[in-house]
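Quick look at model.txt (compact mmCIF, C-alpha atoms):
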# COMPACT_ATOMS: atom_id res chain seq x y z
CA MET P 1 115.58 137.38 142.81
CA THR P 2 114.70 133.71 143.14
CA THR P 3 111.91 134.05 140.59
CA THR P 4 114.16 135.93 138.17
CA THR P 5 116.86 133.31 138.55
CA SER P 6 114.37 130.51 137.88
CA ILE P 7 113.07 132.24 134.77
CA ASN P 8 116.59 132.82 133.47
CA ARG P 9 117.48 129.20 134.12
CA LEU P 10 114.34 128.07 132.29
CA LEU P 11 115.08 130.32 129.31
CA ARG P 12 118.67 129.12 129.17
CA SER P 13 117.53 125.51 129.29
CA GLY P 14 115.04 126.19 126.50
CA ARG P 15 117.70 127.79 124.31
CA GLU P 16 120.04 124.86 124.88
CA SER P 17 117.27 122.37 124.06
CA LEU P 18 116.39 124.24 120.90
CA SER P 19 120.06 124.40 119.90
CA ASP P 20 120.35 120.63 120.33
CA ILE P 21 117.35 120.06 118.07
CA VAL P 22 118.50 122.49 115.38
CA ARG P 23 122.02 121.05 115.47
CA GLN P 24 120.65 117.57 114.85
CA LEU P 25 118.20 118.56 112.10
CA ARG P 26 120.26 121.04 110.07
CA PRO P 27 122.73 120.00 107.34
CA ALA P 28 125.99 118.95 108.98
CA ASP P 29 128.41 118.85 106.04
CA ASN P 30 128.79 119.56 102.33
CA ALA P 31 127.04 116.33 101.30
CA GLU P 32 123.92 117.23 103.25
CA TRP P 33 123.94 120.84 102.06
CA THR P 34 124.29 119.60 98.48
CA ALA P 35 121.39 117.16 98.94
CA LEU P 36 119.18 119.92 100.34
CA VAL P 37 120.00 122.38 97.54
CA VAL P 38 119.41 119.75 94.85
CA MET P 39 116.04 118.84 96.36
CA LEU P 40 114.99 122.48 96.61
CA CYS P 41 115.81 122.91 92.92
CA PHE P 42 114.15 119.64 91.87
CA PHE P 43 110.91 120.14 93.79
CA GLY P 44 110.98 123.84 92.94
CA VAL P 45 111.00 123.05 89.22
CA VAL P 46 108.16 120.54 89.66
CA SER P 47 105.98 122.93 91.63
CA GLY P 48 106.99 125.83 89.38
CA MET P 49 105.59 124.04 86.34
CA VAL P 50 102.30 123.54 88.15
CA CYS P 51 102.25 127.09 89.51
CA THR P 52 102.70 128.69 86.07
CA ALA P 53 100.34 126.37 84.20
CA ILE P 54 97.36 125.94 86.55
CA ARG P 55 95.38 128.31 88.71
CA PRO P 56 94.72 127.16 92.30
CA THR P 57 90.96 127.34 91.77
CA GLU P 58 91.33 124.71 89.03
CA LEU P 59 93.39 122.38 91.13
CA GLY P 60 91.59 119.31 92.46
CA MET P 61 94.31 116.68 92.53
CA MET P 62 93.88 113.29 94.12
CA GLY P 63 91.51 114.59 96.76
CA TYR P 64 94.02 117.03 98.27
CA ASP P 65 92.61 120.36 99.40
CA THR P 66 94.76 122.91 97.57
CA ALA P 67 91.84 124.55 95.79
CA GLY P 68 89.83 124.94 98.99
CA HIS P 69 92.77 126.07 101.09
CA LEU P 70 94.06 128.71 98.68
CA THR P 71 90.86 130.26 97.33
CA VAL P 72 91.65 133.89 98.04
CA ASP P 73 88.01 134.96 98.42
CA ASP P 74 87.54 132.69 101.44
CA MET P 75 90.80 131.02 102.38
CA MET P 76 90.57 128.05 104.71
CA ILE P 77 94.15 128.70 105.81
CA SER P 78 93.86 132.23 107.18
CA SER P 79 94.25 134.09 110.46
CA ARG P 80 90.52 134.53 110.95
CA ASN P 81 89.83 130.81 111.16
CA MET P 82 93.16 129.44 112.41
CA LEU P 83 91.58 128.60 115.80
CA SER P 84 88.39 127.06 114.43
CA TRP P 85 87.45 123.64 115.80
CA ASN P 86 88.53 120.75 113.59
CA MET P 87 88.56 117.22 114.96
CA ARG P 88 90.51 115.77 112.04
CA HIS P 89 93.23 118.44 111.69
CA PRO P 90 93.13 120.25 115.06
CA LEU P 91 95.92 122.81 114.60
CA PHE P 92 96.73 122.47 110.91
CA ARG P 93 96.02 126.11 110.10
CA LEU P 94 97.86 127.33 113.19
CA LEU P 95 100.98 125.45 112.07
CA TYR P 96 100.94 127.59 108.93
CA LEU P 97 100.72 130.81 110.98
CA PRO P 98 104.10 132.29 109.86
CA VAL P 99 103.18 131.84 106.19
CA ILE P 100 99.66 133.13 106.83
CA LEU P 101 100.92 136.34 108.46
CA ILE P 102 103.43 137.01 105.66
CA ASN P 103 100.76 136.36 103.03
CA GLU P 104 98.17 138.61 104.66
CA LEU P 105 100.69 141.41 105.18
CA LEU P 106 101.62 141.27 101.50
CA PHE P 107 97.93 141.14 100.60
CA LEU P 108 97.32 144.35 102.56
CA LEU P 109 100.15 145.95 100.58
CA GLY P 110 98.43 144.97 97.35
CA VAL P 111 100.65 141.98 96.57
CA ASN P 112 98.81 138.73 95.89
CA ILE P 113 101.31 135.84 95.79
CA THR P 114 99.25 133.39 97.85
CA TRP P 115 99.65 130.52 95.38
CA PRO P 116 103.47 130.69 94.87
CA LEU P 117 104.09 131.52 98.55
CA PHE P 118 102.31 128.43 99.84
CA LEU P 119 103.83 126.27 97.10
CA ALA P 120 107.29 127.51 98.08
CA THR P 121 106.50 126.49 101.66
CA SER P 122 105.52 123.01 100.49
CA VAL P 123 108.76 122.74 98.50
CA VAL P 124 110.79 123.65 101.60
CA LEU P 125 108.92 121.18 103.82
CA VAL P 126 109.28 118.29 101.35
CA SER P 127 112.96 119.10 100.77
CA LEU P 128 113.61 119.13 104.51
CA SER P 129 111.79 115.80 104.79
CA GLY P 130 114.26 114.46 102.23
CA LEU P 131 117.16 115.94 104.18
CA PHE P 132 115.99 114.24 107.39
CA THR P 133 115.67 110.97 105.48
CA PHE P 134 119.20 111.37 104.09
CA LYS P 135 120.59 112.14 107.56
CA THR P 136 118.76 109.11 108.98
CA LEU P 137 120.29 106.83 106.34
CA ARG P 138 123.77 108.12 107.14
CA ALA P 139 123.12 107.76 110.87
CA LEU P 140 122.35 104.09 110.20
CA GLY P 141 125.88 103.66 108.84
CA LEU P 142 125.36 104.03 105.09
CA SER P 143 128.01 105.94 103.17
CA THR P 144 127.11 108.97 101.09
CA VAL P 145 126.65 107.20 97.72
CA PRO P 146 124.10 104.52 98.72
CA ALA P 147 122.33 107.03 100.97
CA ALA P 148 122.09 109.41 97.99
CA LEU P 149 120.71 106.63 95.77
CA LEU P 150 117.96 105.88 98.26
CA LEU P 151 117.26 109.59 98.64
CA ALA P 152 116.88 109.83 94.85
CA LEU P 153 114.41 106.98 95.02
CA PHE P 154 112.46 108.78 97.75
CA CYS P 155 112.36 111.99 95.68
CA SER P 156 111.05 110.05 92.66
CA PHE P 157 107.98 108.70 94.47
CA ALA P 158 104.76 110.00 92.92
CA HIS P 159 103.29 111.43 96.08
CA THR P 160 106.56 112.83 97.36
CA MET P 161 106.65 114.98 94.22
CA MET P 162 102.94 115.72 94.53
CA LEU P 163 103.36 117.01 98.07
CA SER P 164 105.80 119.61 96.76
CA PHE P 165 102.85 121.42 95.17
CA GLN P 166 100.08 120.46 97.59
CA VAL P 167 99.18 122.56 100.61
CA ASP P 168 97.78 119.91 102.88
CA SER P 169 98.20 118.25 106.25
CA PHE P 170 100.21 115.41 104.69
CA VAL P 171 103.04 117.83 103.83
CA VAL P 172 103.33 118.80 107.50
CA SER P 173 102.85 115.22 108.66
CA MET P 174 105.69 113.92 106.47
CA PHE P 175 107.96 116.78 107.56
CA VAL P 176 107.39 116.19 111.28
CA GLY P 177 107.33 112.40 110.91
CA SER P 178 110.68 112.30 109.12
CA ALA P 179 112.14 114.59 111.80
CA MET P 180 110.82 112.21 114.47
CA LEU P 181 112.42 109.28 112.65
CA LEU P 182 115.79 111.05 112.58
CA LEU P 183 115.64 111.92 116.29
CA PHE P 184 114.57 108.35 117.03
CA THR P 185 117.54 106.97 115.08
CA THR P 186 120.08 109.32 116.65
CA LYS P 187 118.51 109.03 120.14
CA VAL P 188 118.42 112.79 120.52
CA HIS P 189 115.42 114.17 122.37
CA ASN P 190 114.42 116.56 125.13
CA ARG P 191 111.18 117.98 126.47
CA LEU P 192 111.09 120.74 123.90
CA SER P 193 111.57 118.34 120.98
CA ASP P 194 108.85 116.07 122.36
CA ASN P 195 106.43 118.99 122.69
CA MET P 196 107.21 120.25 119.19
CA LEU P 197 106.92 116.81 117.61
CA LEU P 198 103.57 116.11 119.24
CA LEU P 199 102.30 119.57 118.27
CA GLY P 200 103.32 119.07 114.64
CA MET P 201 102.16 115.48 114.27
CA ALA P 202 98.86 115.53 116.17
CA GLY P 203 98.18 119.14 115.19
CA ALA P 204 98.32 118.23 111.51
CA THR P 205 96.34 114.99 111.86
CA SER P 206 94.79 113.99 115.18
CA THR P 207 95.40 110.23 114.83
CA ASN P 208 99.15 110.88 114.70
CA PHE P 209 99.22 111.15 118.46
CA VAL P 210 99.06 107.32 118.49
CA LYS P 211 102.21 107.14 116.35
CA PHE P 212 103.92 109.62 118.65
CA ALA P 213 103.03 107.34 121.56
CA PHE P 214 104.60 104.40 119.67
CA TYR P 215 107.76 106.49 119.25
CA GLN P 216 108.04 107.11 122.98
CA ILE P 217 107.11 103.56 123.99
CA LEU P 218 109.82 102.08 121.76
CA GLU P 219 112.39 104.53 123.10
CA GLU P 220 111.60 104.09 126.80
CA ARG P 221 110.57 100.40 126.89
CA ASP P 222 109.00 101.08 130.26
CA VAL P 223 105.37 101.88 131.03
CA LYS P 224 106.00 104.35 133.85
CA ALA P 225 108.81 106.13 132.04
CA THR P 226 106.72 106.37 128.87
CA ALA P 227 103.68 107.70 130.75
CA LYS P 228 105.77 110.33 132.51
CA ARG P 229 107.49 111.41 129.30
CA PHE P 230 104.19 111.54 127.39
CA LEU P 231 102.62 113.76 130.06
CA MET P 232 105.59 116.12 129.82
CA SER P 233 105.12 116.21 126.02
CA ILE P 234 101.53 117.46 125.88
CA PRO P 235 101.53 120.96 127.49
CA LEU P 236 102.24 122.90 124.27
CA SER P 237 99.64 120.98 122.26
CA CYS P 238 97.05 121.22 125.04
CA ILE P 239 97.47 124.98 125.45
CA LEU P 240 97.04 125.66 121.74
CA PHE P 241 94.26 123.09 121.36
CA ALA P 242 92.39 124.73 124.26
CA LEU P 243 92.24 127.92 122.20
CA THR P 244 89.94 126.13 119.74
CA LEU P 245 87.40 125.20 122.44
CA PRO P 246 85.40 128.46 122.22
CA ASP P 247 84.64 127.63 118.59
CA LEU P 248 83.52 124.14 119.66
CA VAL P 249 81.19 125.69 122.26
CA SER P 250 79.76 127.96 119.57
CA ARG P 251 79.16 124.97 117.29
CA LEU P 252 77.48 123.06 120.11
CA VAL P 253 75.17 125.99 120.83
CA HIS P 254 74.09 126.54 117.24
CA ARG P 255 74.19 122.92 116.00
CA PRO P 256 72.75 123.69 112.55
CA ARG P 257 73.15 120.07 111.46
CA GLY P 258 72.87 118.21 114.73
CA LEU P 259 75.05 117.45 117.74
CA MET P 260 77.27 114.83 116.08
CA TYR P 261 78.11 117.11 113.18
CA ALA P 262 78.86 119.98 115.56
CA VAL P 263 81.53 117.87 117.29
CA MET P 264 82.88 115.76 114.43
CA GLY P 265 82.15 117.86 111.34
CA ASP P 266 83.18 115.84 108.28
CA SER P 267 85.84 113.92 110.21
CA LEU P 268 84.10 110.56 109.97
CA SER P 269 83.87 108.82 106.62
CA PHE P 270 83.46 105.06 106.89
CA LYS P 271 83.03 102.90 103.81
CA GLY P 272 83.10 99.51 105.47
CA SER P 273 82.58 96.67 102.99
CA GLU P 274 81.18 98.88 100.21
CA LEU P 275 84.55 98.88 98.42
CA ASP P 276 86.93 96.16 97.29
CA LYS P 277 89.54 96.40 100.04
CA TRP P 278 92.12 94.23 98.31
CA ARG P 279 91.98 96.31 95.13
CA LEU P 280 92.23 99.52 97.14
CA PHE P 281 95.19 98.12 99.03
CA VAL P 282 97.14 97.17 95.90
CA GLU P 283 96.23 100.00 93.52
CA ASN P 284 95.66 102.92 95.89
CA PHE P 285 97.41 102.33 99.20
CA ILE P 286 100.61 100.64 97.93
CA SER P 287 101.09 101.41 94.23
CA GLU P 288 99.78 104.93 93.68
CA PRO P 289 102.06 106.64 96.25
CA LEU P 290 105.05 105.27 94.31
CA LEU P 291 103.89 105.38 90.70
CA PHE P 292 101.08 107.36 89.07
CA HIS P 293 98.41 105.22 87.44
CA HIS P 294 97.25 107.78 84.91
CA THR P 295 99.75 108.50 82.15
CA THR P 296 97.44 111.27 80.91
CA GLY P 297 98.07 113.49 83.90
CA ILE P 298 97.49 114.13 87.56
CA LEU P 299 94.28 116.14 87.45
CA TYR P 300 92.10 113.31 88.66
CA SER P 301 89.38 115.43 90.19
CA HIS P 302 87.10 113.01 92.04
CA GLU P 303 88.19 109.87 90.16
CA THR P 304 90.11 108.62 93.17
CA THR P 305 87.94 106.00 94.83
CA LEU P 306 88.98 103.13 92.59
CA LEU P 307 92.09 103.74 90.52
CA PRO P 308 92.31 101.52 87.44
CA PRO P 309 95.10 98.96 86.96
CA TYR P 310 98.26 100.11 85.22
CA PRO P 311 98.14 99.92 81.40
CA THR P 312 100.77 97.16 81.39
CA PRO P 313 101.96 94.68 84.04
CA TRP P 314 105.51 96.05 83.62
CA TYR P 315 104.45 99.08 85.66
CA TYR P 316 104.07 96.81 88.69
CA LEU P 317 107.71 95.69 88.48
CA PRO P 318 109.35 98.66 90.27
CA VAL P 319 106.53 98.67 92.82
CA ALA P 320 107.07 94.94 93.42
CA VAL P 321 110.84 95.47 93.81
CA ILE P 322 110.29 98.12 96.46
CA VAL P 323 107.63 96.14 98.31
CA ALA P 324 109.70 92.94 98.25
CA THR P 325 112.78 94.77 99.51
CA VAL P 326 110.82 96.37 102.34
CA VAL P 327 109.28 93.04 103.36
CA VAL P 328 112.66 91.27 103.37
CA SER P 329 114.20 94.10 105.38
CA VAL P 330 111.40 93.95 107.94
CA ILE P 331 111.93 90.20 108.36
CA VAL P 332 115.72 90.43 108.55
CA ASN P 333 115.80 93.47 110.83
CA CYS P 334 112.72 92.78 112.92
CA ARG P 335 114.67 93.24 116.16
CA ARG P 336 115.68 96.78 115.24
CA ARG P 337 113.59 99.42 116.98
CA ILE P 338 113.31 101.50 113.83
CA ILE P 339 111.64 98.55 112.07
CA GLN P 340 109.32 98.10 115.02
CA LEU P 341 108.36 101.79 114.77
CA PHE P 342 107.65 101.33 111.05
CA ILE P 343 105.48 98.28 111.76
CA CYS P 344 103.53 100.22 114.40
CA CYS P 345 102.95 103.29 112.21
CA PHE P 346 102.16 101.39 109.00
CA GLY P 347 100.08 98.83 110.88
CA PHE P 348 98.03 101.58 112.53
CA ASP P 349 97.22 103.07 109.12
CA LEU P 350 96.13 99.65 107.88
CA LEU P 351 93.92 99.25 110.94
CA MET P 352 92.32 102.67 110.53
CA HIS P 353 91.72 102.57 106.79
CA PHE P 354 91.05 98.91 106.06
CA ALA P 355 89.82 97.31 109.27
CA VAL P 356 87.85 100.29 110.61
CA GLY P 357 87.15 101.66 107.13
CA TYR P 358 87.87 105.34 107.81
CA GLY P 359 88.79 107.32 104.69
CA MET P 360 89.14 104.14 102.66
CA ASP P 361 87.97 105.90 99.49
CA GLU P 362 91.07 108.14 99.80
CA ALA P 363 93.51 105.38 100.70
CA GLN P 364 96.28 106.72 98.45
CA LEU P 365 96.35 110.05 100.29
CA PHE P 366 97.55 108.76 103.63
CA CYS P 367 101.01 107.76 102.44
CA GLY P 368 102.35 111.05 103.79
CA HIS P 369 102.24 109.39 107.20
CA TRP P 370 104.64 106.55 106.31
CA LEU P 371 106.25 107.09 102.86
CA PHE P 372 109.51 108.43 104.36
CA PHE P 373 110.04 105.10 106.13
CA ILE P 374 110.57 103.21 102.84
CA PRO P 375 114.11 104.38 101.95
CA VAL P 376 115.17 103.97 105.58
CA VAL P 377 113.84 100.41 105.79
CA MET P 378 115.54 99.62 102.47
CA GLY P 379 118.74 101.20 103.78
CA LEU P 380 118.79 98.84 106.75
CA LEU P 381 118.84 95.89 104.36
CA LEU P 382 121.49 97.54 102.21
CA SER P 383 123.75 98.01 105.21
CA ARG P 384 123.74 94.25 105.82
CA CYS P 385 124.61 93.19 102.24
CA LYS P 386 127.96 91.74 101.21
CA SER P 387 130.04 93.55 98.62
CA VAL P 388 128.69 91.89 95.44
CA VAL P 389 125.05 91.99 96.50
CA TYR P 390 125.66 95.55 97.70
CA TRP P 391 126.46 96.83 94.22
CA LEU P 392 123.73 94.76 92.56
CA PHE P 393 121.26 96.25 95.02
CA SER P 394 122.57 99.74 94.34
CA ALA P 395 122.16 99.23 90.58
CA ALA P 396 118.59 98.00 91.08
CA VAL P 397 117.77 101.03 93.19
CA LEU P 398 119.24 103.34 90.56
CA MET P 399 117.24 101.72 87.75
CA THR P 400 114.07 101.81 89.79
CA ALA P 401 114.62 105.45 90.67
CA SER P 402 115.20 106.33 87.01
CA PHE P 403 112.03 104.53 85.89
CA LEU P 404 109.90 106.09 88.62
CA CYS P 405 111.27 109.56 87.84
CA TYR P 406 110.56 109.14 84.13
CA VAL P 407 106.98 107.93 84.55
CA ASN P 408 105.99 110.28 87.36
CA ILE P 409 107.54 113.42 85.94
CA SER P 410 106.03 112.56 82.55
CA GLY P 411 102.64 112.31 84.22
CA ILE P 412 103.05 115.77 85.71
CA VAL P 413 104.31 117.34 82.49
CA HIS P 414 101.54 115.81 80.36
CA SER P 415 98.88 117.20 82.71
CA LEU P 416 100.02 120.79 82.23

Please express the file's structure as structure tokens.
Amino acid sequence: MTTTTSINRLLRSGRESLSDIVRQLRPADNAEWTALVVMLCFFGVVSGMVCTAIRPTELGMMGYDTAGHLTVDDMMISSRNMLSWNMRHPLFRLLYLPVILINELLFLLGVNITWPLFLATSVVLVSLSGLFTFKTLRALGLSTVPAALLLALFCSFAHTMMLSFQVDSFVVSMFVGSAMLLLFTTKVHNRLSDNMLLLGMAGATSTNFVKFAFYQILEERDVKATAKRFLMSIPLSCILFALTLPDLVSRLVHRPRGLMYAVMGDSLSFKGSELDKWRLFVENFISEPLLFHHTTGILYSHETTLLPPYPTPWYYLPVAVIVATVVVSVIVNCRRRIIQLFICCFGFDLLMHFAVGYGMDEAQLFCGHWLFFIPVVMGLLLSRCKSVVYWLFSAAVLMTASFLCYVNISGIVHSL
């Protein structure tokens, strides 16, 4: 009886914790439902154009892995290899398990919709990331109109649109990261939310566990409390990660390409001083996530190491406006914990990719880890403006959003 009572209490606690999370993350009113529906339509149209015009085997965009993931003959995202050892993306395939099972069931029934099914999943994840961003802006005290303007800006970013038709870890990372930012802003968390956030973030990209630690440190502000909370956050991730260990043992036994490769695979890619770091920082890491460089299209294939400058200096203007606004907001709001979390997450990416040199030749890809911070950081500055500056700022955001939408959508359309 005691055991049954304990189990029932645990299940009831789990249901209540899950209800708290869902209540916080779901649309709460008509404005949020409207924002979600509009984003689903917008990103659906963008991905629909790509889906109808290009086959997945032809798709090699910006170094993302769509072609490799969705090759039906030997899918990387499938049930037979969802527990394979991967140091860089430990549980990425497992996170796609619901979609995988639906896809394979349909495949057994003779229905092959792998490409549109996974694209639809990406559209949903990116749209929900936008919803979480919109909810975060409103939680910071912004009214619906300025929050909607900043959301429009977020949806116009080059790589936000690109993630709506890319099946990759950065889609999951942005989805979970934006959810974490919302829970951080609203100060809503429990053990279940911590376990799910860590599973999603570190499962998609292993280095994200450091950003999750930043999140808990800034919330607790106490070493012992943070350590205790972090330990209570890892059981779910550890259990699922342990299921990949048999594959690691198998790799260690066979070691066809040596011990280091058996453990790390292709997870290490250091360029050091071989590349111009400043050029990569400006053109790839900062500019490209916001505004496509190539006006001829998005099918860059392997031409991603050194993106060329924009055809005219005017292209740098909206990028400069966004960067300047973010920098000013960071300075003005440096005491806010949400700014401190942004500094930690963005600073960690700079350390990894420019100081250490890991993945530097794909610098523009990693924006999925921090892009959702930009409208929130800008929103903090907007909330402090006086009435006149407030409307001038809103007009600037609207113009910037319009320009980015025009250039980026044009780039997608011209590539089809």

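Using all atoms listed in the file for every distance, the candidate list P:Lys277, P:Arg221, P:Lys211, P:Arg191 yields P:Lys211 as the residue closest to P:Leu341.
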
P:Val22, P:Leu36, P:Leu245, P:Val46 ranked by distance to P:Ser410, top pick (using all atoms listed in the file) | P:Val46

Point out the residue among P:Ala213, P:Ala324, P:Leu150, P:Leu350 with the least atom-to-atom distance to P:Trp370, counting all atoms listed in the file.
->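 With all atoms listed in the file as the atom set, the closest residue is P:Leu350.
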
Pick from P:Gln364, P:Ser47, P:Asn195, P:Ser19: nearest to P:Val124, with only C-alpha atoms counted?
->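 Ranking P:Gln364, P:Ser47, P:Asn195, P:Ser19 by distance to P:Val124, first place goes to P:Ser47.
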
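A straight line drawn from atom CA of P:Phe372 to atom CA of P:Thr325 is 14.9 Å long.
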
Quick one, how far is atom CA of P:Val326 from atom CA of P:Met378?
-> 5.7 Å

P:Phe348: which residues within 12 Å, counting only C-alpha atoms, same-chain residues fewer than 5 positions away excluded, as a ChimeraX atom specification?
-> /P:207-214,341-343,353-356,358,366,369-370

Quick one: which stretch 198-234 of chain P residues come within 9 Å of stretch 176-185 of chain P, and what is the nearest atom pair for each with the distance in Å to one decimal, counting only C-alpha atoms, rows ordered by chain and ascending number, as CSV?
residue,atom,partner,partner_atom,distance
P:Leu198,CA,P:Val176,CA,8.8
P:Gly200,CA,P:Val176,CA,6.0
P:Met201,CA,P:Val176,CA,6.1
P:Phe212,CA,P:Met180,CA,8.5
P:Tyr215,CA,P:Phe184,CA,7.4
P:Gln216,CA,P:Phe184,CA,8.9
P:Glu219,CA,P:Phe184,CA,7.5

Spatial neighbours of stretch 105-121 of chain P, max dist 7 Å, only C-alpha atoms, sep filter under 2 positions, as a PyMOL selection string = chain P and resi 47+51+56+70+101-103+123-125+164-167
